[in-house]
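To be precise, the following lines are coords_22.pdb, and they hold PDB, C-alpha atoms.
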```
MODEL        1
ATOM      1  CA  MET A   1      46.252  19.535 -32.248
ATOM      2  CA  PHE A   2      49.296  21.246 -33.743
ATOM      3  CA  GLY A   3      51.621  19.616 -36.226
ATOM      4  CA  ALA A   4      55.396  20.054 -35.929
ATOM      5  CA  GLU A   5      55.623  22.480 -38.859
ATOM      6  CA  ARG A   6      52.813  24.702 -37.554
ATOM      7  CA  THR A   7      54.396  24.789 -34.098
ATOM      8  CA  ARG A   8      57.754  25.760 -35.579
ATOM      9  CA  SER A   9      56.109  28.499 -37.655
ATOM     10  CA  LEU A  10      54.427  29.977 -34.584
ATOM     11  CA  LEU A  11      57.623  29.940 -32.499
ATOM     12  CA  GLY A  12      59.767  31.325 -35.313
ATOM     13  CA  PRO A  13      63.291  32.350 -34.266
ATOM     14  CA  ALA A  14      62.396  31.656 -30.636
ATOM     15  CA  ASP A  15      62.272  27.932 -31.328
ATOM     16  CA  PRO A  16      65.380  26.494 -29.570
ATOM     17  CA  ALA A  17      65.263  23.395 -31.769
ATOM     18  CA  ARG A  18      64.574  25.215 -35.023
ATOM     19  CA  ALA A  19      67.631  23.796 -36.779
ATOM     20  CA  ALA A  20      67.410  20.365 -35.206
ATOM     21  CA  ALA A  21      66.213  17.338 -37.148
ATOM     22  CA  VAL A  22      63.369  15.631 -35.332
ATOM     23  CA  THR A  23      63.453  11.846 -35.727
ATOM     24  CA  ARG A  24      60.770   9.284 -35.042
ATOM     25  CA  PRO A  25      60.892   7.453 -31.681
ATOM     26  CA  PRO A  26      62.395   3.936 -31.708
ATOM     27  CA  VAL A  27      59.013   2.526 -30.701
ATOM     28  CA  SER A  28      55.709   3.471 -32.322
ATOM     29  CA  ALA A  29      52.778   4.961 -30.396
ATOM     30  CA  ARG A  30      50.810   1.769 -31.004
ATOM     31  CA  ASP A  31      53.593  -0.379 -29.521
ATOM     32  CA  LEU A  32      53.892   1.878 -26.475
ATOM     33  CA  ILE A  33      50.154   1.563 -25.885
ATOM     34  CA  ASP A  34      50.389  -2.213 -26.249
ATOM     35  CA  ARG A  35      53.245  -2.363 -23.740
ATOM     36  CA  ALA A  36      51.294  -0.266 -21.258
ATOM     37  CA  GLY A  37      48.325  -2.577 -21.684
ATOM     38  CA  GLU A  38      50.496  -5.625 -21.024
ATOM     39  CA  ALA A  39      51.716  -4.098 -17.779
ATOM     40  CA  GLU A  40      48.283  -2.973 -16.631
ATOM     41  CA  PRO A  41      46.730  -5.233 -13.982
ATOM     42  CA  THR A  42      43.425  -6.678 -15.079
ATOM     43  CA  THR A  43      40.487  -8.442 -13.525
ATOM     44  CA  ASN A  44      37.666 -10.439 -14.983
ATOM     45  CA  HIS A  45      35.376  -7.483 -14.420
ATOM     46  CA  ARG A  46      37.444  -4.803 -16.145
ATOM     47  CA  ARG A  47      35.481  -2.888 -18.767
ATOM     48  CA  VAL A  48      37.101  -2.827 -22.183
ATOM     49  CA  ARG A  49      37.751   0.641 -23.566
ATOM     50  CA  PRO A  50      39.273   1.726 -26.862
ATOM     51  CA  THR A  51      42.900   2.823 -26.596
ATOM     52  CA  ARG A  52      43.598   6.492 -25.934
ATOM     53  CA  ARG A  53      45.075   6.874 -29.396
ATOM     54  CA  LEU A  54      41.880   5.640 -30.992
ATOM     55  CA  VAL A  55      39.646   7.811 -28.843
ATOM     56  CA  LEU A  56      41.632  11.041 -28.861
ATOM     57  CA  THR A  57      43.736  10.935 -32.009
ATOM     58  CA  ALA A  58      42.055   8.524 -34.373
ATOM     59  CA  GLY A  59      42.213   9.676 -37.962
ATOM     60  CA  THR A  60      40.658   9.210 -41.348
ATOM     61  CA  MET A  61      36.881   9.511 -41.498
ATOM     62  CA  ALA A  62      34.616   7.058 -43.273
ATOM     63  CA  VAL A  63      31.885   8.441 -45.504
ATOM     64  CA  ALA A  64      29.170   5.837 -44.998
ATOM     65  CA  ALA A  65      28.122   3.357 -42.342
ATOM     66  CA  GLY A  66      28.753  -0.334 -42.832
ATOM     67  CA  ALA A  67      31.542   0.204 -45.359
ATOM     68  CA  VAL A  68      35.139  -0.742 -45.776
ATOM     69  CA  ALA A  69      37.036   2.445 -46.561
ATOM     70  CA  VAL A  70      39.619   2.760 -49.311
ATOM     71  CA  LEU A  71      41.500   5.750 -50.619
ATOM     72  CA  GLN A  72      41.677   7.187 -54.097
ATOM     73  CA  PRO A  73      42.592  10.580 -55.577
ATOM     74  CA  PHE A  74      39.898  13.169 -55.068
ATOM     75  CA  GLY A  75      37.727  13.777 -58.099
ATOM     76  CA  GLY A  76      38.017  10.242 -59.469
ATOM     77  CA  ALA A  77      35.112   7.903 -60.012
ATOM     78  CA  THR A  78      33.906   5.736 -57.141
ATOM     79  CA  PRO A  79      35.908   2.502 -57.413
ATOM     80  CA  ASP A  80      34.324  -0.830 -58.140
ATOM     81  CA  THR A  81      34.654  -3.312 -55.284
ATOM     82  CA  ALA A  82      36.453  -5.727 -57.595
ATOM     83  CA  ASP A  83      39.242  -3.327 -58.548
ATOM     84  CA  VAL A  84      40.326  -0.821 -55.908
ATOM     85  CA  PRO A  85      43.558   1.147 -56.368
ATOM     86  CA  ALA A  86      46.057   1.751 -53.606
ATOM     87  CA  ALA A  87      46.005   4.989 -51.639
ATOM     88  CA  ALA A  88      47.281   8.049 -53.501
ATOM     89  CA  PRO A  89      48.866  11.240 -52.106
ATOM     90  CA  GLY A  90      46.408  13.861 -50.931
ATOM     91  CA  SER A  91      43.502  11.488 -51.385
ATOM     92  CA  VAL A  92      39.984  11.529 -50.032
ATOM     93  CA  LEU A  93      38.291   8.578 -48.415
ATOM     94  CA  VAL A  94      35.475   6.841 -50.293
ATOM     95  CA  PRO A  95      33.500   3.796 -49.147
ATOM     96  CA  VAL A  96      33.389   0.326 -50.610
ATOM     97  CA  ALA A  97      30.382  -1.697 -49.521
ATOM     98  CA  TYR A  98      30.710  -4.962 -47.651
ATOM     99  CA  GLN A  99      29.405  -8.053 -49.370
ATOM    100  CA  PHE A 100      26.994  -8.313 -46.425
ATOM    101  CA  ALA A 101      26.332  -4.719 -45.428
ATOM    102  CA  SER A 102      23.151  -5.527 -43.514
ATOM    103  CA  GLU A 103      21.889  -8.630 -41.767
ATOM    104  CA  ALA A 104      25.421  -9.992 -41.689
ATOM    105  CA  PRO A 105      25.474 -13.594 -40.418
ATOM    106  CA  PRO A 106      27.516 -14.728 -37.404
ATOM    107  CA  ALA A 107      31.175 -15.156 -38.330
ATOM    108  CA  GLY A 108      31.811 -18.428 -36.470
ATOM    109  CA  PRO A 109      30.938 -20.977 -39.201
ATOM    110  CA  GLN A 110      32.844 -19.083 -41.898
ATOM    111  CA  LEU A 111      35.927 -18.620 -39.710
ATOM    112  CA  ARG A 112      36.020 -22.329 -38.860
ATOM    113  CA  ALA A 113      35.680 -23.233 -42.530
ATOM    114  CA  LEU A 114      38.523 -20.846 -43.418
ATOM    115  CA  ALA A 115      40.717 -22.298 -40.664
ATOM    116  CA  GLY A 116      40.274 -25.781 -42.072
ATOM    117  CA  LYS A 117      41.559 -24.989 -45.561
ATOM    118  CA  LEU A 118      44.525 -22.651 -45.081
ATOM    119  CA  VAL A 119      47.486 -22.929 -47.431
ATOM    120  CA  GLY A 120      51.084 -22.054 -46.684
ATOM    121  CA  THR A 121      52.710 -18.718 -47.314
ATOM    122  CA  GLY A 122      56.257 -17.626 -48.116
ATOM    123  CA  TYR A 123      57.566 -17.591 -44.546
ATOM    124  CA  ASP A 124      56.064 -20.911 -43.404
ATOM    125  CA  ASN A 125      58.723 -23.508 -42.528
ATOM    126  CA  ARG A 126      61.436 -20.860 -42.699
ATOM    127  CA  GLY A 127      63.476 -19.096 -40.069
ATOM    128  CA  GLY A 128      65.850 -16.219 -39.475
ATOM    129  CA  ARG A 129      67.243 -13.933 -36.845
ATOM    130  CA  TYR A 130      64.765 -11.116 -37.412
ATOM    131  CA  MET A 131      61.002 -10.904 -37.742
ATOM    132  CA  TYR A 132      60.276  -8.406 -40.499
ATOM    133  CA  HIS A 133      57.057  -6.386 -40.855
ATOM    134  CA  HIS A 134      56.119  -3.733 -43.388
ATOM    135  CA  THR A 135      53.010  -1.741 -42.439
ATOM    136  CA  LYS A 136      51.108   1.419 -43.265
ATOM    137  CA  LEU A 137      48.994   3.245 -40.714
ATOM    138  CA  TRP A 138      46.421   5.975 -41.338
ATOM    139  CA  GLY A 139      44.818   8.048 -38.604
ATOM    140  CA  ASP A 140      47.633   8.553 -36.117
ATOM    141  CA  PRO A 141      46.935  11.311 -35.290
ATOM    142  CA  VAL A 142      44.219  13.594 -36.729
ATOM    143  CA  MET A 143      44.271  17.399 -36.865
ATOM    144  CA  THR A 144      41.004  19.302 -36.574
ATOM    145  CA  SER A 145      40.404  22.932 -37.575
ATOM    146  CA  SER A 146      39.498  25.508 -34.946
ATOM    147  CA  ASP A 147      35.848  25.395 -35.974
ATOM    148  CA  GLY A 148      35.764  21.629 -35.543
ATOM    149  CA  ARG A 149      34.515  21.018 -39.102
ATOM    150  CA  HIS A 150      37.622  20.112 -41.073
ATOM    151  CA  HIS A 151      39.864  17.129 -40.440
ATOM    152  CA  VAL A 152      43.125  15.788 -41.791
ATOM    153  CA  ALA A 153      44.696  12.458 -40.828
ATOM    154  CA  PHE A 154      48.401  11.754 -40.599
ATOM    155  CA  ALA A 155      49.848   8.559 -42.024
ATOM    156  CA  ASP A 156      53.141   6.718 -42.015
ATOM    157  CA  GLU A 157      54.835   3.670 -43.478
ATOM    158  CA  THR A 158      57.037   1.542 -41.233
ATOM    159  CA  LYS A 159      59.497  -1.306 -41.724
ATOM    160  CA  VAL A 160      60.660  -3.173 -38.625
ATOM    161  CA  TRP A 161      63.343  -5.836 -38.174
ATOM    162  CA  GLN A 162      63.168  -7.272 -34.653
ATOM    163  CA  ALA A 163      65.042 -10.170 -33.041
ATOM    164  CA  ALA A 164      63.818 -12.326 -30.157
ATOM    165  CA  ASP A 165      65.659 -10.084 -27.688
ATOM    166  CA  GLY A 166      63.822  -7.014 -28.995
ATOM    167  CA  THR A 167      66.810  -5.479 -30.763
ATOM    168  CA  GLY A 168      66.745  -4.540 -34.416
ATOM    169  CA  ASN A 169      65.884  -1.516 -36.513
ATOM    170  CA  GLN A 170      62.836   0.533 -37.427
ATOM    171  CA  VAL A 171      62.472   2.769 -40.483
ATOM    172  CA  THR A 172      59.496   5.129 -40.641
ATOM    173  CA  VAL A 173      58.472   7.400 -43.515
ATOM    174  CA  GLN A 174      55.815  10.070 -43.115
ATOM    175  CA  LEU A 175      53.217   9.805 -45.881
ATOM    176  CA  GLU A 176      50.959  12.412 -47.419
ATOM    177  CA  PRO A 177      48.038  13.321 -45.150
ATOM    178  CA  GLN A 178      44.561  12.000 -45.960
ATOM    179  CA  TYR A 179      41.232  13.849 -45.937
ATOM    180  CA  PRO A 180      37.719  12.627 -45.101
ATOM    181  CA  ASP A 181      35.907  14.741 -47.676
ATOM    182  CA  GLN A 182      36.251  17.456 -50.318
ATOM    183  CA  GLU A 183      35.461  20.244 -47.874
ATOM    184  CA  SER A 184      38.289  19.264 -45.533
ATOM    185  CA  ARG A 185      40.767  18.841 -48.353
ATOM    186  CA  ASP A 186      39.882  22.252 -49.794
ATOM    187  CA  TYR A 187      40.115  23.873 -46.372
ATOM    188  CA  TRP A 188      43.645  22.652 -45.685
ATOM    189  CA  GLN A 189      44.751  23.522 -49.235
ATOM    190  CA  ARG A 190      43.424  27.076 -48.786
ATOM    191  CA  ASN A 191      45.294  27.447 -45.500
ATOM    192  CA  PRO A 192      48.851  26.376 -46.329
ATOM    193  CA  TRP A 193      50.297  27.900 -43.165
ATOM    194  CA  THR A 194      48.293  25.379 -41.133
ATOM    195  CA  ARG A 195      48.588  22.453 -43.528
ATOM    196  CA  PRO A 196      50.489  19.509 -41.999
ATOM    197  CA  GLY A 197      53.449  17.922 -43.653
ATOM    198  CA  VAL A 198      56.501  19.356 -45.347
ATOM    199  CA  ALA A 199      57.434  19.977 -48.952
ATOM    200  CA  GLY A 200      58.865  17.016 -50.779
ATOM    201  CA  THR A 201      59.291  13.514 -49.403
ATOM    202  CA  PRO A 202      60.704  13.373 -45.862
ATOM    203  CA  ALA A 203      63.797  11.236 -45.424
ATOM    204  CA  PRO A 204      63.187   7.867 -43.726
ATOM    205  CA  ALA A 205      63.775   7.985 -39.976
ATOM    206  CA  SER A 206      65.915   4.953 -39.120
ATOM    207  CA  VAL A 207      66.418   4.154 -35.445
ATOM    208  CA  PRO A 208      67.764   1.129 -33.547
ATOM    209  CA  LEU A 209      65.352  -0.820 -31.354
ATOM    210  CA  PRO A 210      66.251  -1.240 -27.676
ATOM    211  CA  PRO A 211      66.451  -4.672 -26.036
ATOM    212  CA  ARG A 212      63.146  -6.188 -25.008
ATOM    213  CA  ASP A 213      62.179  -9.658 -23.885
ATOM    214  CA  LEU A 214      59.629 -10.878 -26.430
ATOM    215  CA  THR A 215      57.479 -13.736 -25.181
ATOM    216  CA  PRO A 216      57.381 -16.566 -27.742
ATOM    217  CA  LEU A 217      54.099 -16.841 -29.630
ATOM    218  CA  PRO A 218      52.020 -19.663 -28.102
ATOM    219  CA  THR A 219      50.505 -22.377 -30.282
ATOM    220  CA  ASP A 220      48.124 -23.957 -27.772
ATOM    221  CA  ARG A 221      44.541 -22.726 -28.159
ATOM    222  CA  SER A 222      44.093 -22.127 -24.438
ATOM    223  CA  GLN A 223      47.210 -19.977 -24.315
ATOM    224  CA  LEU A 224      46.127 -18.140 -27.457
ATOM    225  CA  ARG A 225      42.800 -17.345 -25.806
ATOM    226  CA  ASP A 226      44.697 -15.776 -22.920
ATOM    227  CA  LEU A 227      47.024 -13.863 -25.246
ATOM    228  CA  LEU A 228      44.078 -12.501 -27.249
ATOM    229  CA  LYS A 229      42.217 -11.476 -24.056
ATOM    230  CA  VAL A 230      39.095 -13.447 -24.990
ATOM    231  CA  VAL A 231      37.704 -12.941 -21.489
ATOM    232  CA  HIS A 232      37.326  -9.220 -22.270
ATOM    233  CA  GLY A 233      35.216  -9.691 -25.397
ATOM    234  CA  ALA A 234      35.424  -9.184 -29.151
ATOM    235  CA  GLY A 235      36.593  -5.568 -29.033
ATOM    236  CA  ALA A 236      39.683  -6.468 -27.034
ATOM    237  CA  VAL A 237      40.263  -9.569 -29.166
ATOM    238  CA  SER A 238      40.274  -7.490 -32.374
ATOM    239  CA  LYS A 239      42.995  -5.223 -31.014
ATOM    240  CA  GLU A 240      45.097  -8.135 -29.773
ATOM    241  CA  VAL A 241      44.862 -10.001 -33.096
ATOM    242  CA  SER A 242      46.211  -6.881 -34.816
ATOM    243  CA  THR A 243      49.026  -6.659 -32.257
ATOM    244  CA  VAL A 244      49.994 -10.317 -32.697
ATOM    245  CA  TYR A 245      50.190 -10.108 -36.485
ATOM    246  CA  GLY A 246      52.114  -6.823 -36.324
ATOM    247  CA  ARG A 247      54.681  -8.286 -33.907
ATOM    248  CA  TYR A 248      55.152 -11.957 -34.796
ATOM    249  CA  VAL A 249      55.653 -14.095 -37.878
ATOM    250  CA  VAL A 250      52.613 -16.343 -37.379
ATOM    251  CA  PRO A 251      52.900 -19.929 -38.734
ATOM    252  CA  ARG A 252      50.017 -21.629 -40.543
ATOM    253  CA  GLN A 253      48.913 -23.855 -37.661
ATOM    254  CA  THR A 254      48.751 -20.880 -35.308
ATOM    255  CA  ARG A 255      46.890 -18.808 -37.914
ATOM    256  CA  ALA A 256      44.274 -21.549 -38.046
ATOM    257  CA  GLU A 257      44.000 -21.670 -34.249
ATOM    258  CA  ILE A 258      43.561 -17.877 -34.084
ATOM    259  CA  LEU A 259      40.646 -18.124 -36.524
ATOM    260  CA  ARG A 260      39.065 -20.877 -34.408
ATOM    261  CA  VAL A 261      39.467 -18.736 -31.289
ATOM    262  CA  LEU A 262      37.739 -15.845 -33.069
ATOM    263  CA  ALA A 263      34.962 -18.186 -34.185
ATOM    264  CA  ASP A 264      34.116 -18.908 -30.537
ATOM    265  CA  VAL A 265      34.005 -15.225 -29.479
ATOM    266  CA  PRO A 266      30.420 -13.871 -29.445
ATOM    267  CA  GLY A 267      29.684 -10.755 -31.489
ATOM    268  CA  PHE A 268      31.748 -11.117 -34.653
ATOM    269  CA  ARG A 269      29.711 -10.794 -37.862
ATOM    270  CA  TRP A 270      30.709 -12.097 -41.287
ATOM    271  CA  ARG A 271      31.043  -9.335 -43.914
ATOM    272  CA  GLY A 272      32.249 -11.522 -46.773
ATOM    273  CA  GLN A 273      34.497 -10.350 -49.576
ATOM    274  CA  VAL A 274      36.130  -6.917 -49.283
ATOM    275  CA  THR A 275      39.159  -5.051 -50.631
ATOM    276  CA  ASP A 276      41.648  -3.432 -48.284
ATOM    277  CA  ARG A 277      43.382  -0.077 -48.796
ATOM    278  CA  ALA A 278      46.320  -1.769 -50.487
ATOM    279  CA  GLY A 279      43.975  -3.155 -53.151
ATOM    280  CA  ARG A 280      44.148  -6.753 -51.883
ATOM    281  CA  LYS A 281      41.127  -9.061 -51.860
ATOM    282  CA  GLY A 282      40.181 -10.437 -48.472
ATOM    283  CA  VAL A 283      37.357 -11.598 -46.239
ATOM    284  CA  ALA A 284      36.206  -9.512 -43.303
ATOM    285  CA  VAL A 285      34.604  -9.787 -39.899
ATOM    286  CA  THR A 286      33.371  -6.916 -37.751
ATOM    287  CA  PHE A 287      32.350  -6.366 -34.157
ATOM    288  CA  ASP A 288      29.959  -3.583 -33.194
ATOM    289  CA  ASP A 289      30.975  -2.207 -29.802
ATOM    290  CA  ARG A 290      27.716  -0.504 -28.913
ATOM    291  CA  GLU A 291      28.958   0.457 -25.437
ATOM    292  CA  HIS A 292      31.563   2.733 -27.025
ATOM    293  CA  ASP A 293      29.719   3.426 -30.313
ATOM    294  CA  ALA A 294      32.557   1.911 -32.342
ATOM    295  CA  GLN A 295      33.224  -0.903 -34.784
ATOM    296  CA  SER A 296      36.269  -3.154 -35.195
ATOM    297  CA  LEU A 297      37.133  -4.606 -38.604
ATOM    298  CA  LEU A 298      39.541  -7.452 -39.362
ATOM    299  CA  ILE A 299      40.416  -8.431 -42.952
ATOM    300  CA  PHE A 300      42.049 -11.818 -43.598
ATOM    301  CA  ASP A 301      43.677 -13.349 -46.648
ATOM    302  CA  PRO A 302      41.099 -15.896 -47.904
ATOM    303  CA  LYS A 303      43.799 -18.496 -48.680
ATOM    304  CA  THR A 304      46.535 -18.168 -46.046
ATOM    305  CA  GLY A 305      44.497 -16.724 -43.175
ATOM    306  CA  GLU A 306      47.011 -13.912 -42.626
ATOM    307  CA  LEU A 307      45.717 -10.638 -41.234
ATOM    308  CA  LEU A 308      45.766  -8.026 -43.999
ATOM    309  CA  ALA A 309      44.201  -5.038 -42.244
ATOM    310  CA  HIS A 310      42.645  -3.827 -39.013
ATOM    311  CA  GLU A 311      40.377  -0.830 -38.572
ATOM    312  CA  ARG A 312      38.870   0.705 -35.461
ATOM    313  CA  LEU A 313      35.960   2.878 -36.581
ATOM    314  CA  THR A 314      34.385   5.378 -34.188
ATOM    315  CA  LEU A 315      30.743   5.812 -35.209
ATOM    316  CA  ALA A 316      29.817   8.992 -33.333
ATOM    317  CA  PRO A 317      29.822  11.948 -33.150
ATOM    318  CA  VAL A 318      31.820  11.772 -36.402
ATOM    319  CA  ARG A 319      32.953   8.669 -38.251
ATOM    320  CA  ILE A 320      36.704   8.477 -37.838
ATOM    321  CA  SER A 321      39.028   5.515 -37.926
ATOM    322  CA  SER A 322      42.504   4.196 -37.341
ATOM    323  CA  TYR A 323      43.411   1.822 -40.183
ATOM    324  CA  GLN A 324      46.516  -0.339 -40.529
ATOM    325  CA  VAL A 325      47.546  -2.641 -43.368
ATOM    326  CA  ILE A 326      50.257  -5.287 -43.029
ATOM    327  CA  LEU A 327      51.967  -5.291 -46.408
ATOM    328  CA  ASP A 328      54.682  -7.868 -45.799
ATOM    329  CA  THR A 329      55.837 -10.319 -43.135
ATOM    330  CA  ALA A 330      58.959 -12.481 -43.275
ATOM    331  CA  TRP A 331      61.893 -14.086 -41.513
ATOM    332  CA  THR A 332      65.297 -12.704 -42.423
ATOM    333  CA  ASP A 333      68.900 -12.741 -41.238
ATOM    334  CA  ARG A 334      69.642  -9.246 -42.501
ATOM    335  CA  ILE A 335      68.385  -5.744 -41.781
ATOM    336  CA  GLY A 336      67.487  -3.723 -44.840
TER     337      GLY A 336
ENDMDL
END
```

Could you rewrite the structure in this file as C-alpha cells?
Amino acid sequence: MFGAERTRSLLGPADPARAAAVTRPPVSARDLIDRAGEAEPTTNHRRVRPTRRLVLTAGTMAVAAGAVAVLQPFGGATPDTADVPAAAPGSVLVPVAYQFASEAPPAGPQLRALAGKLVGTGYDNRGGRYMYHHTKLWGDPVMTSSDGRHHVAFADETKVWQAADGTGNQVTVQLEPQYPDQESRDYWQRNPWTRPGVAGTPAPASVPLPPRDLTPLPTDRSQLRDLLKVVHGAGAVSKEVSTVYGRYVVPRQTRAEILRVLADVPGFRWRGQVTDRAGRKGVAVTFDDREHDAQSLLIFDPKTGELLAHERLTLAPVRISSYQVILDTAWTDRIG
C-alpha cells in the first residue's frame, strides 16, 4: 500500500494534483463501513466476518499474545501496568499483561456487578444540540514493505460535533505513524523516501458533515439487543458497542443495560484490570473469534461504565490490530 507522499514522489511533475491540498473526507472510513453494514440485508444464518478495514488494512502489531497493547517511545523501559504513559511520536508497541492472561473467567457475573454500581459522568442529565466525540485511532491503514517483513501503522485524532440531523463538523489530525517492533522502525527510518507522513505537524482537516437521519439511541434492552446485533454473536456485538459509543452520548441507564446485554452474550471472558493507550485505568473483556483467528477487546471505565477503548486483534499470520480510544464525550451547543 502506498502513502500519499510516496505516490506523489513517484509521479513527480506528472502529478496533476501536485499543488493541491488533499483534505480528509467528511466521513471516516469506519463510519462508511458502519453505514454499509446498516444497509446490508441480514439473515439469522449470516456468518459474521471482520470488516474489510480490519482484515485488509488493520494496523499496529501486538508483541505478545493475551496482552493489552500500549505505546511508548522506543528504547524506554517496559512500563509497569500501574503507570502507563500515553502514546509518543514514532513509538513502538509493547505489551501490558492482562490481570487474567490465562484461564480468564466468564465475563457475565462481573459485567452484571459493574452494571449495578455505575456512577454518573459529566454529560449525564445534560443536553445540547451536538453530540461531541474526541477519539484516536491506530491501525487505519498499515503499510507493509515489499519484502513483507516491515510494517508501519497510520494513526489519526478526530473531533466530531454532530446534531440529530447528522449535520455538524469533523476535524481530523494525522498523527505520527506507529511501529510494531525495532526492526520495522529502523527500516522505515533508513528508507526516508518510502516513510509515510510529512515533515512537521499537518494542519487539522476541518470539514462539514452532511445531513443524515440518526436513529435515536434505544433504552429498552430488547431494542438494544437488536441494535448490538446479539443474534450474530460476540464478535459482532463488540464492533457494534464501539460504534454506539463513538456515535452517541450514552446515558447511565443505557450504559448499564449495554453491560447487561454483554453479560448474556456467550464467549466474553473477563480480563480484569488493564490500562488503555491513553494511560487510563479500566476493566476489560475479550472475545476469541476462533473462526477468523482474531480477538476483540473492550475496555470500560470501572466507575461510569463508559467505553474507553476497542481493539480488534488479528492473531495470524501476524499479530496486527485496529485500536481506538474514546478520549471525551459530551453534549454541547457550540462547535469548536

>> So that I can see what lies close to A:Thr254, please list as a list in words the residues with an atom at most 9 Å from it, counting all atoms listed in the file and leaving out residues fewer than 5 positions away in the same chain.
In response: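 The residues that qualify are Leu217, Pro218, Thr219, Asp220, Arg221, Leu224 and Leu259 of chain A.
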
Please produce an output containing C-alpha atoms for each residue in the selection, written as a PDB file, in the frame of the given file.
```
ATOM      1  CA  LEU A 217      54.099 -16.841 -29.630  1.00  0.00           C
ATOM      2  CA  PRO A 218      52.020 -19.663 -28.102  1.00  0.00           C
ATOM      3  CA  THR A 219      50.505 -22.377 -30.282  1.00  0.00           C
ATOM      4  CA  ASP A 220      48.124 -23.957 -27.772  1.00  0.00           C
ATOM      5  CA  ARG A 221      44.541 -22.726 -28.159  1.00  0.00           C
ATOM      6  CA  LEU A 224      46.127 -18.140 -27.457  1.00  0.00           C
ATOM      7  CA  LEU A 259      40.646 -18.124 -36.524  1.00  0.00           C
TER       8      LEU A 259
END
```

> How many Å lie between atom CA of A:Asp165 and atom CA of A:His232, rounded to one decimal?
Replying inline: 28.9 Å

> What's the 9 Å shell around A:Thr135, counting all atoms listed in the file, without same-chain residues fewer than 3 positions away, as a list in words?
Replying inline: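 Within the cut-off, the hits are Asp156, Glu157, Thr158, Lys159, Val160, Gly246, Gln324, Val325, Ile326, Leu327 and Asp328 of chain A.
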
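For A:Gln273, the set of protein, DNA and RNA residues having any atom at most 8 Å away, when counting all atoms listed in the file and skipping those fewer than 4 positions along the same chain, is Tyr98, Gln99, Lys281, Gly282, Val283 and Ala284 of chain A.
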
> Just how far from atom CA of A:Gly166 is atom CA of A:Leu214, in Å to one decimal?
Replying inline: 6.3 Å

> Near stretch 105-114 of chain A, within 10 Å and counting only C-alpha atoms, which residues show up once chain neighbours fewer than 6 positions away are dropped, as a PyMOL selection string?
Replying inline: chain A and resi 256-272+283-287+300-305

>> Taking all atoms listed in the file into account, name the residue in A:Gln170, A:Ser184, A:Tyr248, A:His134 that is nearest to A:His150.
In response: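 Comparing A:Gln170, A:Ser184, A:Tyr248, A:His134 against A:His150, the winner is A:Ser184.
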
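Atom CA of A:Val230 is found 25.7 Å from atom CA of A:Ser102.
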